[in-house]
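Next comes input_22.csv, with CSV, C-alpha atoms and all ligand atoms.
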chain,number,residue,atom,x,y,z
A,231,MET,CA,76.1,38.5,42.7
A,232,ILE,CA,76.4,35.1,41.0
A,233,ALA,CA,74.0,34.3,38.2
A,234,ALA,CA,73.3,31.3,36.0
A,235,ILE,CA,72.0,31.2,32.5
A,236,ILE,CA,70.4,27.9,31.7
A,237,ALA,CA,70.2,27.3,28.0
A,238,ALA,CA,67.0,25.4,27.4
A,239,ALA,CA,65.8,26.8,24.1
A,240,GLY,CA,66.9,23.9,21.8
A,241,SER,CA,64.4,21.7,20.1
A,242,GLY,CA,66.1,18.4,20.9
A,243,GLU,CA,66.2,17.3,17.3
A,244,ARG,CA,68.6,14.4,17.9
A,245,PHE,CA,66.5,13.2,20.8
A,246,GLY,CA,63.5,12.9,18.4
A,247,ALA,CA,60.6,13.7,20.8
A,248,SER,CA,57.6,15.8,19.9
A,249,ILE,CA,58.4,18.3,22.7
A,250,PRO,CA,61.5,20.3,23.4
A,251,LYS,CA,64.2,18.4,25.1
A,252,ALA,CA,64.1,20.5,28.3
A,253,LEU,CA,60.5,19.4,28.9
A,254,ILE,CA,61.3,15.7,28.7
A,255,HIS,CA,60.9,13.8,32.0
A,256,LEU,CA,63.8,12.1,33.8
A,257,GLY,CA,62.2,10.3,36.7
A,258,ASP,CA,59.7,12.5,38.4
A,259,LYS,CA,60.8,15.8,37.0
A,260,THR,CA,61.6,17.5,33.6
A,261,LEU,CA,65.2,18.1,32.6
A,262,ILE,CA,64.8,21.9,33.1
A,263,GLU,CA,63.5,21.3,36.7
A,264,HIS,CA,66.4,19.0,37.5
A,265,ALA,CA,68.9,21.5,36.1
A,266,ILE,CA,67.4,24.3,38.2
A,267,SER,CA,67.2,22.3,41.4
A,268,ASN,CA,70.9,21.3,41.1
A,269,ILE,CA,72.3,24.7,40.3
A,270,ALA,CA,70.0,26.9,42.4
A,271,PRO,CA,71.9,26.4,45.7
A,272,ALA,CA,75.1,27.8,44.1
A,273,VAL,CA,73.7,31.0,42.6
A,274,GLN,CA,71.5,34.0,43.5
A,275,GLN,CA,69.8,34.5,40.1
A,276,ILE,CA,68.7,32.3,37.3
A,277,VAL,CA,67.7,33.1,33.7
A,278,VAL,CA,66.3,30.3,31.6
A,279,THR,CA,66.2,30.6,27.8
A,280,ALA,CA,63.0,28.9,26.6
A,281,PRO,CA,62.0,27.7,23.1
A,282,THR,CA,59.6,30.1,21.3
A,283,GLY,CA,56.0,29.2,22.2
A,284,TYR,CA,57.0,27.3,25.4
A,285,GLU,CA,57.8,30.4,27.6
A,286,ASP,CA,54.6,30.2,29.7
A,287,GLN,CA,54.8,26.4,30.2
A,288,ILE,CA,58.4,26.8,31.4
A,289,ARG,CA,57.5,29.8,33.6
A,290,ALA,CA,54.8,27.7,35.3
A,291,LEU,CA,57.3,24.9,35.9
A,292,VAL,CA,60.1,27.0,37.3
A,293,GLY,CA,58.3,29.5,39.4
A,294,ASP,CA,58.4,33.3,39.9
A,295,GLU,CA,61.9,33.6,41.2
A,296,ILE,CA,63.4,32.7,37.9
A,297,THR,CA,63.5,34.9,34.8
A,298,VAL,CA,62.4,33.2,31.6
A,299,VAL,CA,63.4,34.7,28.2
A,300,THR,CA,62.8,33.5,24.7
A,301,GLY,CA,65.9,31.8,23.3
A,302,GLY,CA,67.5,32.3,19.9
A,303,ALA,CA,68.1,30.3,16.8
A,304,THR,CA,71.4,29.0,18.0
A,305,ARG,CA,72.8,28.2,21.5
A,306,SER,CA,75.2,31.2,21.4
A,307,GLU,CA,72.3,33.5,20.5
A,308,SER,CA,70.3,32.1,23.4
A,309,VAL,CA,73.1,32.8,25.8
A,310,ARG,CA,73.4,36.4,24.5
A,311,LEU,CA,69.7,36.9,25.1
A,312,GLY,CA,70.2,35.4,28.6
A,313,LEU,CA,73.1,37.7,29.3
A,314,ALA,CA,71.0,40.7,28.3
A,315,ALA,CA,68.6,39.9,31.1
A,316,LEU,CA,71.2,40.0,33.8
A,317,PRO,CA,71.8,43.1,35.9
A,318,PRO,CA,75.1,45.0,35.7
A,319,GLU,CA,76.1,44.2,39.2
A,320,THR,CA,76.5,40.5,38.2
A,321,GLU,CA,80.0,39.4,39.2
A,322,PHE,CA,80.2,35.8,37.9
A,323,VAL,CA,77.9,34.0,35.5
A,324,LEU,CA,77.6,30.3,35.0
A,325,VAL,CA,76.3,29.1,31.6
A,326,HIS,CA,74.7,25.8,31.8
A,327,ASP,CA,72.8,23.4,29.5
A,328,ALA,CA,69.4,22.2,30.6
A,329,ALA,CA,70.5,19.0,28.8
A,330,ARG,CA,73.1,18.4,31.5
A,331,ALA,CA,70.3,18.2,33.9
A,332,LEU,CA,72.2,16.2,36.6
A,333,ALA,CA,75.4,18.2,36.9
A,334,SER,CA,75.7,18.6,40.7
A,335,LYS,CA,75.7,21.6,42.9
A,336,THR,CA,79.2,20.5,44.0
A,337,LEU,CA,80.4,21.0,40.4
A,338,ALA,CA,78.8,24.5,40.3
A,339,HIS,CA,80.5,25.3,43.6
A,340,SER,CA,83.9,24.1,42.2
A,341,VAL,CA,83.5,26.3,39.2
A,342,ILE,CA,82.7,29.3,41.4
A,343,GLU,CA,85.6,28.6,43.7
A,344,ALA,CA,88.1,28.7,40.8
A,345,LEU,CA,86.5,32.1,39.7
A,346,ARG,CA,87.0,33.4,43.2
A,347,ASN,CA,90.6,32.3,43.1
A,348,GLY,CA,91.1,34.6,40.2
A,349,ASP,CA,90.4,32.7,37.0
A,350,VAL,CA,88.2,34.5,34.5
A,351,ALA,CA,86.9,31.4,32.7
A,352,VAL,CA,86.5,28.0,34.3
A,353,ILE,CA,85.1,24.9,32.6
A,354,PRO,CA,84.7,21.2,33.8
A,355,GLY,CA,86.2,18.5,31.6
A,356,MET,CA,86.5,14.7,31.6
A,357,PRO,CA,89.5,12.8,30.2
A,358,GLU,CA,88.9,11.3,26.7
A,359,VAL,CA,88.9,7.5,26.6
A,360,ASP,CA,88.7,7.1,22.8
A,361,THR,CA,91.4,8.0,20.4
A,362,VAL,CA,90.1,11.1,18.5
A,363,LYS,CA,91.0,11.9,14.9
A,364,VAL,CA,90.8,15.2,13.1
A,365,VAL,CA,89.3,14.4,9.6
A,366,ASP,CA,88.9,16.3,6.4
A,367,THR,CA,85.7,16.6,4.3
A,368,GLN,CA,87.0,13.8,1.9
A,369,GLY,CA,86.9,11.4,4.9
A,370,PHE,CA,90.6,11.2,5.5
A,371,VAL,CA,92.4,11.5,8.7
A,372,VAL,CA,94.4,14.8,9.0
A,373,SER,CA,95.9,14.3,12.5
A,374,THR,CA,95.6,12.4,15.8
A,375,PRO,CA,95.8,14.7,18.8
A,376,GLU,CA,97.6,13.1,21.8
A,377,ARG,CA,94.8,11.5,23.8
A,378,ALA,CA,96.2,12.5,27.2
A,379,SER,CA,95.8,16.1,26.4
A,380,LEU,CA,92.2,15.9,25.4
A,381,ARG,CA,89.2,16.8,27.6
A,382,LYS,CA,85.5,16.4,26.9
A,383,VAL,CA,84.1,19.6,28.3
A,384,GLN,CA,80.8,20.1,30.2
A,385,THR,CA,78.7,22.8,31.8
A,386,PRO,CA,78.2,24.8,34.0
A,387,GLN,CA,81.0,26.9,32.5
A,388,GLY,CA,81.8,29.9,34.7
A,389,PHE,CA,83.0,33.4,33.7
A,390,THR,CA,83.4,36.8,35.1
A,391,PHE,CA,80.4,38.7,33.8
A,392,ALA,CA,82.5,41.4,32.0
A,393,VAL,CA,84.6,38.8,30.1
A,394,LEU,CA,81.7,36.7,28.9
A,395,LYS,CA,79.7,39.8,27.9
A,396,SER,CA,82.5,41.2,25.8
A,397,ALA,CA,83.3,37.7,24.3
A,398,HIS,CA,79.7,37.5,23.2
A,399,GLN,CA,79.8,40.9,21.4
A,400,VAL,CA,80.7,39.0,18.2
A,401,ALA,CA,77.7,37.4,16.7
A,402,ALA,CA,79.4,34.0,16.5
A,403,ASP,CA,77.8,30.6,17.0
A,404,ALA,CA,79.9,28.1,19.1
A,405,THR,CA,79.0,24.9,20.8
A,406,ASP,CA,80.3,26.3,24.1
A,407,ASP,CA,81.0,29.7,25.6
A,408,ALA,CA,84.7,28.9,26.5
A,409,VAL,CA,85.8,29.0,22.9
A,410,LEU,CA,84.4,32.5,22.4
A,411,VAL,CA,86.2,33.6,25.6
A,412,ALA,CA,89.4,31.9,24.5
A,413,ASN,CA,89.1,33.5,21.0
A,414,ALA,CA,88.9,36.9,22.8
A,415,GLY,CA,92.4,36.1,24.3
A,416,HIS,CA,91.5,34.9,27.8
A,417,LYS,CA,92.9,31.9,29.6
A,418,VAL,CA,90.3,29.2,30.2
A,419,ARG,CA,90.9,26.9,33.3
A,420,ILE,CA,89.9,23.3,33.2
A,421,ILE,CA,88.7,21.6,36.4
A,422,ALA,CA,87.6,18.0,36.9
A,423,GLY,CA,84.1,17.3,35.4
A,424,GLU,CA,81.8,14.6,36.5
A,425,GLU,CA,80.1,11.6,34.9
A,426,ARG,CA,76.6,12.7,36.0
A,427,ALA,CA,77.0,16.0,34.1
A,428,LEU,CA,76.6,14.0,30.8
A,429,LYS,CA,74.7,15.8,28.1
A,430,ILE,CA,71.4,14.1,27.4
A,431,THR,CA,71.2,14.1,23.6
A,432,THR,CA,69.5,10.8,22.7
A,433,PRO,CA,67.0,8.5,24.5
A,434,SER,CA,69.9,6.2,25.4
A,435,ASP,CA,71.6,9.1,27.3
A,436,LEU,CA,68.3,9.5,29.2
A,437,ALA,CA,68.6,5.8,30.2
A,438,THR,CA,72.1,6.4,31.4
A,439,ALA,CA,71.0,9.5,33.3
A,440,MET,CA,68.4,7.4,35.0
A,441,THR,CA,71.1,5.2,36.5
A,442,PHE,CA,72.3,8.3,38.4
A,443,ILE,CA,69.0,9.1,40.0
A,444,GLY,CA,67.6,5.6,40.7
A,445,ASP,CA,69.1,4.2,43.9
A,446,ALA,CA,69.2,0.5,43.0
A,447,LYS,CA,70.2,-0.4,46.6
A,448,SER,CA,66.9,0.8,47.9
A,449,PHE,CA,65.0,-2.0,46.1
A,450,ARG,CA,64.0,-5.0,48.2
A,451,THR,CA,62.2,-8.2,47.3
A,452,GLY,CA,60.2,-10.8,49.3
A,453,VAL,CA,58.4,-14.1,48.9
A,454,GLY,CA,55.3,-15.3,50.7
A,455,THR,CA,53.2,-18.5,50.6
A,456,ASP,CA,49.9,-19.7,52.0
A,457,ALA,CA,47.8,-22.8,51.8
A,458,HIS,CA,44.3,-23.8,53.0
A,459,ALA,CA,42.4,-27.1,52.9
A,460,PHE,CA,39.0,-27.2,51.3
A,461,GLY,CA,36.1,-27.1,53.8
A,462,GLU,CA,32.6,-28.3,52.7
A,463,GLY,CA,29.9,-25.7,53.1
A,464,ARG,CA,32.3,-22.7,52.9
A,465,GLU,CA,32.1,-19.9,50.4
A,466,LEU,CA,35.3,-19.6,48.3
A,467,TRP,CA,37.2,-16.3,48.4
A,468,LEU,CA,40.3,-16.1,46.3
A,469,ALA,CA,42.4,-13.2,44.9
A,470,GLY,CA,39.9,-10.7,46.3
A,471,LEU,CA,36.9,-12.3,44.6
A,472,SER,CA,34.0,-14.5,45.7
A,473,TRP,CA,33.7,-17.7,43.6
A,474,PRO,CA,30.1,-18.9,43.7
A,475,GLY,CA,29.7,-22.6,43.1
A,476,GLU,CA,33.2,-23.4,44.2
A,477,VAL,CA,34.2,-25.2,47.4
A,478,GLY,CA,35.6,-22.8,50.0
A,479,VAL,CA,38.5,-23.4,52.4
A,480,ASP,CA,38.7,-23.9,56.2
A,481,GLY,CA,40.0,-21.3,58.6
A,482,HIS,CA,38.6,-18.4,60.6
A,483,SER,CA,39.6,-15.7,58.0
A,484,ASP,CA,38.0,-15.8,54.5
A,485,GLY,CA,40.9,-18.1,53.5
A,486,ASP,CA,42.1,-16.0,50.5
A,487,VAL,CA,45.4,-17.7,50.0
A,488,ALA,CA,46.4,-15.3,47.2
A,489,ALA,CA,45.8,-12.2,49.3
A,490,HIS,CA,47.6,-13.8,52.3
A,491,ALA,CA,50.6,-14.8,50.3
A,492,ILE,CA,50.9,-11.3,48.9
A,493,CYS,CA,50.7,-9.8,52.4
A,494,ASP,CA,53.5,-12.0,53.5
A,495,ALA,CA,55.6,-11.2,50.4
A,496,LEU,CA,55.2,-7.5,51.2
A,497,PHE,CA,56.1,-8.0,54.9
A,498,ALA,CA,59.1,-10.1,53.8
A,499,ALA,CA,60.3,-7.4,51.4
A,500,THR,CA,60.0,-4.7,53.9
A,501,GLY,CA,61.2,-6.6,57.0
A,502,THR,CA,57.9,-5.7,58.9
A,503,GLY,CA,57.1,-9.1,60.3
A,504,ASP,CA,54.5,-11.5,58.8
A,505,LEU,CA,50.8,-12.1,58.8
A,506,GLY,CA,50.8,-13.7,62.2
A,507,SER,CA,52.9,-11.0,63.9
A,508,ASN,CA,50.8,-8.2,62.3
A,509,PHE,CA,47.3,-9.6,62.4
A,510,GLY,CA,47.6,-12.6,64.8
A,511,THR,CA,46.0,-13.3,68.1
A,512,SER,CA,47.3,-10.0,69.6
A,513,ARG,CA,45.0,-8.1,67.2
A,514,PRO,CA,41.6,-9.8,67.4
A,515,GLU,CA,40.0,-7.1,65.3
A,516,TYR,CA,41.6,-8.8,62.2
A,517,ALA,CA,40.3,-12.3,63.1
A,518,GLY,CA,37.5,-12.3,60.4
A,519,ALA,CA,39.1,-9.8,58.0
A,520,SER,CA,38.8,-10.4,54.3
A,521,GLY,CA,41.8,-10.8,52.0
A,522,THR,CA,41.3,-7.3,50.6
A,523,GLN,CA,41.1,-5.7,54.0
A,524,LEU,CA,44.4,-7.4,55.0
A,525,LEU,CA,46.0,-6.2,51.8
A,526,GLN,CA,44.8,-2.6,52.5
A,527,GLU,CA,46.1,-2.9,56.1
A,528,THR,CA,49.5,-4.3,54.9
A,529,LEU,CA,49.8,-1.4,52.4
A,530,LYS,CA,49.4,1.0,55.4
A,531,ILE,CA,52.1,-0.8,57.4
A,532,ILE,CA,54.7,-0.9,54.7
A,533,THR,CA,53.9,2.7,53.7
A,534,GLN,CA,54.5,3.7,57.3
A,535,ALA,CA,57.8,1.9,57.1
A,536,GLY,CA,58.7,4.1,54.2
A,537,TYR,CA,58.2,1.7,51.3
A,538,SER,CA,56.3,1.8,48.0
A,539,ILE,CA,55.4,-1.2,45.9
A,540,SER,CA,57.2,-1.6,42.6
A,541,ASN,CA,55.1,-4.7,41.7
A,542,VAL,CA,53.6,-7.9,43.1
A,543,THR,CA,53.0,-11.3,41.6
A,544,VAL,CA,51.1,-14.3,42.9
A,545,GLN,CA,50.8,-17.8,41.5
A,546,ILE,CA,47.8,-19.8,42.7
A,547,ILE,CA,48.4,-23.5,42.9
A,548,GLY,CA,45.4,-25.8,42.8
A,549,ASN,CA,43.1,-27.9,40.5
A,550,ARG,CA,40.2,-25.6,41.1
A,551,PRO,CA,38.9,-23.0,40.5
A,552,ARG,CA,40.0,-22.1,36.9
A,553,ILE,CA,41.5,-18.6,37.2
A,554,GLY,CA,42.0,-17.7,33.6
A,555,ALA,CA,38.5,-16.4,32.8
A,556,ARG,CA,38.5,-14.0,35.8
A,557,ARG,CA,42.1,-13.0,35.8
A,558,ALA,CA,41.5,-9.4,34.9
A,559,GLU,CA,38.8,-9.0,37.5
A,560,ALA,CA,41.1,-10.6,40.2
A,561,ILE,CA,44.1,-8.3,39.2
A,562,ALA,CA,41.8,-5.3,39.5
A,563,ALA,CA,40.6,-6.3,42.9
A,564,ILE,CA,44.1,-6.9,44.3
A,565,SER,CA,45.6,-3.9,42.7
A,566,SER,CA,43.0,-1.5,44.0
A,567,ALA,CA,43.4,-3.0,47.5
A,568,LEU,CA,47.1,-2.1,47.1
A,569,GLY,CA,46.6,1.4,46.0
A,570,GLY,CA,46.9,0.7,42.3
A,571,ALA,CA,50.2,-1.2,42.4
A,572,PRO,CA,51.0,-3.4,39.3
A,573,VAL,CA,49.8,-6.9,40.0
A,574,SER,CA,50.2,-10.2,38.0
A,575,ILE,CA,48.2,-13.3,38.8
A,576,LEU,CA,49.2,-16.7,37.5
A,577,ALA,CA,47.8,-20.1,38.1
A,578,THR,CA,49.0,-23.7,37.8
A,579,THR,CA,48.1,-27.2,38.8
A,580,THR,CA,50.7,-29.7,40.0
A,581,ASP,CA,50.0,-32.6,37.7
A,582,GLY,CA,48.3,-34.6,40.5
A,583,MET,CA,51.3,-34.6,42.7
A,584,GLY,CA,52.3,-33.0,46.0
A,585,LEU,CA,51.2,-29.5,47.1
A,586,THR,CA,47.5,-29.2,46.1
A,587,GLY,CA,47.6,-31.9,43.4
A,588,GLU,CA,45.7,-34.3,45.6
A,589,GLY,CA,42.8,-31.8,45.4
A,590,LYS,CA,42.7,-31.2,49.1
A,591,GLY,CA,43.0,-27.4,49.0
A,592,ILE,CA,44.5,-24.3,47.4
A,593,ALA,CA,48.0,-22.7,47.8
A,594,ALA,CA,49.6,-19.6,46.6
A,595,ILE,CA,53.2,-18.2,46.3
A,596,ALA,CA,53.7,-14.5,45.9
A,597,SER,CA,56.6,-12.2,45.3
A,598,ALA,CA,56.9,-8.5,45.9
A,599,LEU,CA,59.4,-5.8,44.9
A,600,VAL,CA,59.4,-2.7,46.9
A,601,PHE,CA,61.5,0.5,47.1
A,602,LYS,CA,62.2,3.0,49.8
B,1,LIG,N1,69.9,25.5,23.3
B,1,LIG,C1,69.4,26.8,23.4
B,1,LIG,N2,69.1,27.5,22.3
B,1,LIG,C2,69.3,26.9,21.0
B,1,LIG,C3,69.8,25.6,20.9
B,1,LIG,C4,70.2,24.9,22.1
B,1,LIG,O1,69.2,27.3,24.5
B,1,LIG,N3,69.0,27.6,20.0
B,1,LIG,C5,70.2,24.7,24.5
B,1,LIG,C6,69.5,23.4,24.5
B,1,LIG,O2,68.2,23.5,25.0
B,1,LIG,C7,70.4,22.5,25.4
B,1,LIG,C8,71.8,23.2,25.3
B,1,LIG,O3,71.6,24.4,24.6
B,1,LIG,O4,70.0,22.6,26.8
B,1,LIG,C9,72.7,22.2,24.5
B,1,LIG,O5,72.3,22.0,23.2
B,1,LIG,P1,71.9,20.6,22.6
B,1,LIG,O6,72.3,19.5,23.6
B,1,LIG,O7,72.4,20.5,21.3
B,1,LIG,O8,70.3,20.6,22.6
B,1,LIG,P2,69.3,20.8,21.4
B,1,LIG,O9,69.9,21.8,20.5
B,1,LIG,O10,68.0,21.0,22.0
B,1,LIG,O11,69.4,19.4,20.7
B,1,LIG,P3,69.6,19.0,19.2
B,1,LIG,O12,70.9,19.7,18.8
B,1,LIG,O13,69.6,17.5,19.1
B,1,LIG,O14,68.4,19.6,18.5
B,2,MG,MG,71.8,21.6,19.5

Let's see the structure in the file written out as structure tokens.
Ligand code: CTP
Ligand code: MG
Amino acid sequence: MIAAIIAAAGSGERFGASIPKALIHLGDKTLIEHAISNIAPAVQQIVVTAPTGYEDQIRALVGDEITVVTGGATRSESVRLGLAALPPETEFVLVHDAARALASKTLAHSVIEALRNGDVAVIPGMPEVDTVKVVDTQGFVVSTPERASLRKVQTPQGFTFAVLKSAHQVAADATDDAVLVANAGHKVRIIAGEERALKITTPSDLATAMTFIGDAKSFRTGVGTDAHAFGEGRELWLAGLSWPGEVGVDGHSDGDVAAHAICDALFAATGTGDLGSNFGTSRPEYAGASGTQLLQETLKIITQAGYSISNVTVQIIGNRPRIGARRAEAIAAISSALGGAPVSILATTTDGMGLTGEGKGIAAIASALVFK
């Protein structure tokens, strides 16, 4: 039986949050949840060491299959408490930091493979890029280890159960388990570590970790435009709002150029056609649809294509109406039609030239950012 102890009982002092580090979110999950979901495929049993007072909260997050024990005052003490919760038939144990939330299951499998090949202690390590100095308490350099022989070590660190248990019989505190095992006279094997197994210590480490989970390639952007000429006797609809007292625009829809431009930007970003191909003559039921109805329908189409909206912006171009006073109301109308997506609305005139400067109508240019 292969078990993992996930050390999560630290307070995260250097991170500086008001909650324990293991409960900090990285994307849609806490660090402890990431650590568990990455290591679970490689092991049969998991014990988590929780900070005092957070046991129930962590139990609720990790589910019934995982044993949660209260951690100790030091990391080594926490690991000892975790070891005590493992059954005697445990063959190998991986000790892992919740703070290395993104260490992959491949790394855990590599550690286990080396244990299966006969090593009693296996740890991942990365080559050191900086020159490292050993210094004394007076602030003077004592020595300079040869850089090529240095490794920055990570977790999960794997051990045979018996070796780790006996190495932990001394009440020592160490920053990793391998040093205790080495002090007990065992050989410790180094295997290749991985960048994504970085230890999240400070907020900037969290930002680095984010780059491993966000897939930048799945973002797409699109632009859309629309323009309508004024038509006497028509009611003006713009940015999802009715504008009493303003001159409306011609056309058989409500002529909401801001909404239409946003629809096209969303279609452009997602490669799902355009206003004409989605709501044109082939779909007469949309002939008289309002701008907000079209936005809602566009949201359905792009959602079906697997996309979510990151944000949309629209700039309304025209001499009238004045947008500023109703900007918040317009943003709320568009955003709610788009399922609460972040929306910005801007407005400009064109200094009496071109586009709508002649006062003949209203135009809008929109952009959308979406992700898969
Ligand atoms: N850890 C633990 N028990 C402790 C101290 C630390 O289980 N008494 C765990 C942490 O939760 C972390 C891992 O050991 O997942 C590595 O420790 P570190 O990165 O130093 O985390 P913290 O001790 O929480 O952070 P800090 O030192 O900044 O307070
Ligand atoms: Mg610590």

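Checking A:Thr500, A:Ser483, A:Ser565, A:Ser267 one by one against Gly452 of chain A, counting only C-alpha atoms, you find the shortest gap at A:Thr500.
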
For a cut-off of 9 Å around (69.6, 11.1, 16.4), file coordinates, pick out all residues using all atoms listed in the file and list them as a ChimeraX atom specification.
/A:243-246,431-433

Cut-off 10 Å around (65.8, 20.1, 37.0) with only C-alpha atoms: residues as JSON, numbers by chain
{"A": [252, 253, 255, 256, 258, 259, 260, 261, 262, 263, 264, 265, 266, 267, 268, 269, 270, 291, 292, 328, 329, 330, 331, 332, 333]}

With all atoms listed in the file as the atoms that count, which of A:Ala233, A:Ala303, A:Ala499, A:Leu471 lies nearest to ligand MG 2 (chain B)?
A:Ala303

All residues 10 Å or closer to Lys363 of chain A, all atoms listed in the file, same chain fewer than 4 positions away omitted, as an MDAnalysis selection string
chainID A and resid 370:377

Spatial neighbours of segment 578-592 of chain A, 8 Å, all atoms listed in the file, chain gap at least 5 places, as JSON, numbers by chain:
{"A": [457, 458, 459, 460, 479, 487, 545, 546, 547, 548, 549, 550]}

Grab me every residue within 8 Å of ligand MG 2 (chain B), counting all atoms listed in the file, and send it over as a PyMOL selection string.
chain A and resi 240-243+304-305

Grab the residues selected above and save them as a compact mmCIF listing (two decimals), in the frame of the given file with C-alpha atoms.
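See result-v2.txt below for the written result:
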# COMPACT_ATOMS: atom_id res chain seq x y z
CA GLY A 240 66.90 23.90 21.80
CA SER A 241 64.40 21.70 20.10
CA GLY A 242 66.10 18.40 20.90
CA GLU A 243 66.20 17.30 17.30
CA THR A 304 71.40 29.00 18.00
CA ARG A 305 72.80 28.20 21.50

How far is it from atom CA of Val544 of chain A to atom CA of Ala491 of chain A, in Å with one decimal?
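For atom CA of Val544 of chain A relative to atom CA of Ala491 of chain A, the distance reads 7.4 Å.
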
Restricted to C-alpha atoms, what does segment 345-400 of chain A look like when written out as an mmCIF file, in the first residue's frame?
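In the end it all went to part-v2.cif:
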data_model
loop_
_atom_site.group_PDB
_atom_site.id
_atom_site.type_symbol
_atom_site.label_atom_id
_atom_site.label_comp_id
_atom_site.auth_asym_id
_atom_site.auth_seq_id
_atom_site.Cartn_x
_atom_site.Cartn_y
_atom_site.Cartn_z
ATOM 1 C CA LEU A 345 11.271 3.215 -4.721
ATOM 2 C CA ARG A 346 10.066 0.132 -6.594
ATOM 3 C CA ASN A 347 13.517 -0.143 -8.161
ATOM 4 C CA GLY A 348 15.032 -0.503 -4.712
ATOM 5 C CA ASP A 349 15.883 2.973 -3.415
ATOM 6 C CA VAL A 350 14.727 3.608 0.176
ATOM 7 C CA ALA A 351 14.595 7.414 -0.127
ATOM 8 C CA VAL A 352 13.821 9.352 -3.316
ATOM 9 C CA ILE A 353 13.520 13.117 -3.662
ATOM 10 C CA PRO A 354 12.980 15.415 -6.663
ATOM 11 C CA GLY A 355 15.530 18.185 -7.228
ATOM 12 C CA MET A 356 16.127 21.030 -9.665
ATOM 13 C CA PRO A 357 19.544 22.333 -10.722
ATOM 14 C CA GLU A 358 20.565 25.529 -8.912
ATOM 15 C CA VAL A 359 20.931 28.547 -11.195
ATOM 16 C CA ASP A 360 22.373 30.980 -8.635
ATOM 17 C CA THR A 361 25.784 30.725 -7.048
ATOM 18 C CA VAL A 362 25.138 29.759 -3.427
ATOM 19 C CA LYS A 363 27.362 30.861 -0.513
ATOM 20 C CA VAL A 364 27.631 29.393 2.943
ATOM 21 C CA VAL A 365 27.836 32.341 5.358
ATOM 22 C CA ASP A 366 28.613 32.795 9.047
ATOM 23 C CA THR A 367 26.621 34.732 11.625
ATOM 24 C CA GLN A 368 28.949 37.742 11.216
ATOM 25 C CA GLY A 369 27.858 38.063 7.591
ATOM 26 C CA PHE A 370 31.023 36.668 6.009
ATOM 27 C CA VAL A 371 31.257 34.024 3.343
ATOM 28 C CA VAL A 372 32.611 30.741 4.639
ATOM 29 C CA SER A 373 32.580 28.741 1.422
ATOM 30 C CA THR A 374 31.132 28.466 -2.083
ATOM 31 C CA PRO A 375 29.809 25.012 -2.958
ATOM 32 C CA GLU A 376 30.330 24.083 -6.587
ATOM 33 C CA ARG A 377 27.083 25.067 -8.295
ATOM 34 C CA ALA A 378 26.853 22.044 -10.583
ATOM 35 C CA SER A 379 26.595 19.743 -7.567
ATOM 36 C CA LEU A 380 23.711 21.673 -5.953
ATOM 37 C CA ARG A 381 20.017 20.758 -6.220
ATOM 38 C CA LYS A 382 16.965 22.625 -4.942
ATOM 39 C CA VAL A 383 14.829 19.851 -3.562
ATOM 40 C CA GLN A 384 11.082 19.513 -3.724
ATOM 41 C CA THR A 385 8.298 17.230 -2.612
ATOM 42 C CA PRO A 386 6.762 14.650 -2.853
ATOM 43 C CA GLN A 387 9.673 12.870 -1.171
ATOM 44 C CA GLY A 388 9.255 9.090 -1.114
ATOM 45 C CA PHE A 389 10.492 6.598 1.461
ATOM 46 C CA THR A 390 9.968 3.043 2.498
ATOM 47 C CA PHE A 391 7.623 3.250 5.472
ATOM 48 C CA ALA A 392 10.006 1.525 7.890
ATOM 49 C CA VAL A 393 12.931 3.813 7.002
ATOM 50 C CA LEU A 394 10.927 7.017 7.391
ATOM 51 C CA LYS A 395 9.310 5.891 10.639
ATOM 52 C CA SER A 396 12.633 5.049 12.247
ATOM 53 C CA ALA A 397 14.265 8.273 10.968
ATOM 54 C CA HIS A 398 11.439 10.222 12.631
ATOM 55 C CA GLN A 399 11.975 8.549 16.005
ATOM 56 C CA VAL A 400 14.338 11.399 16.863
#
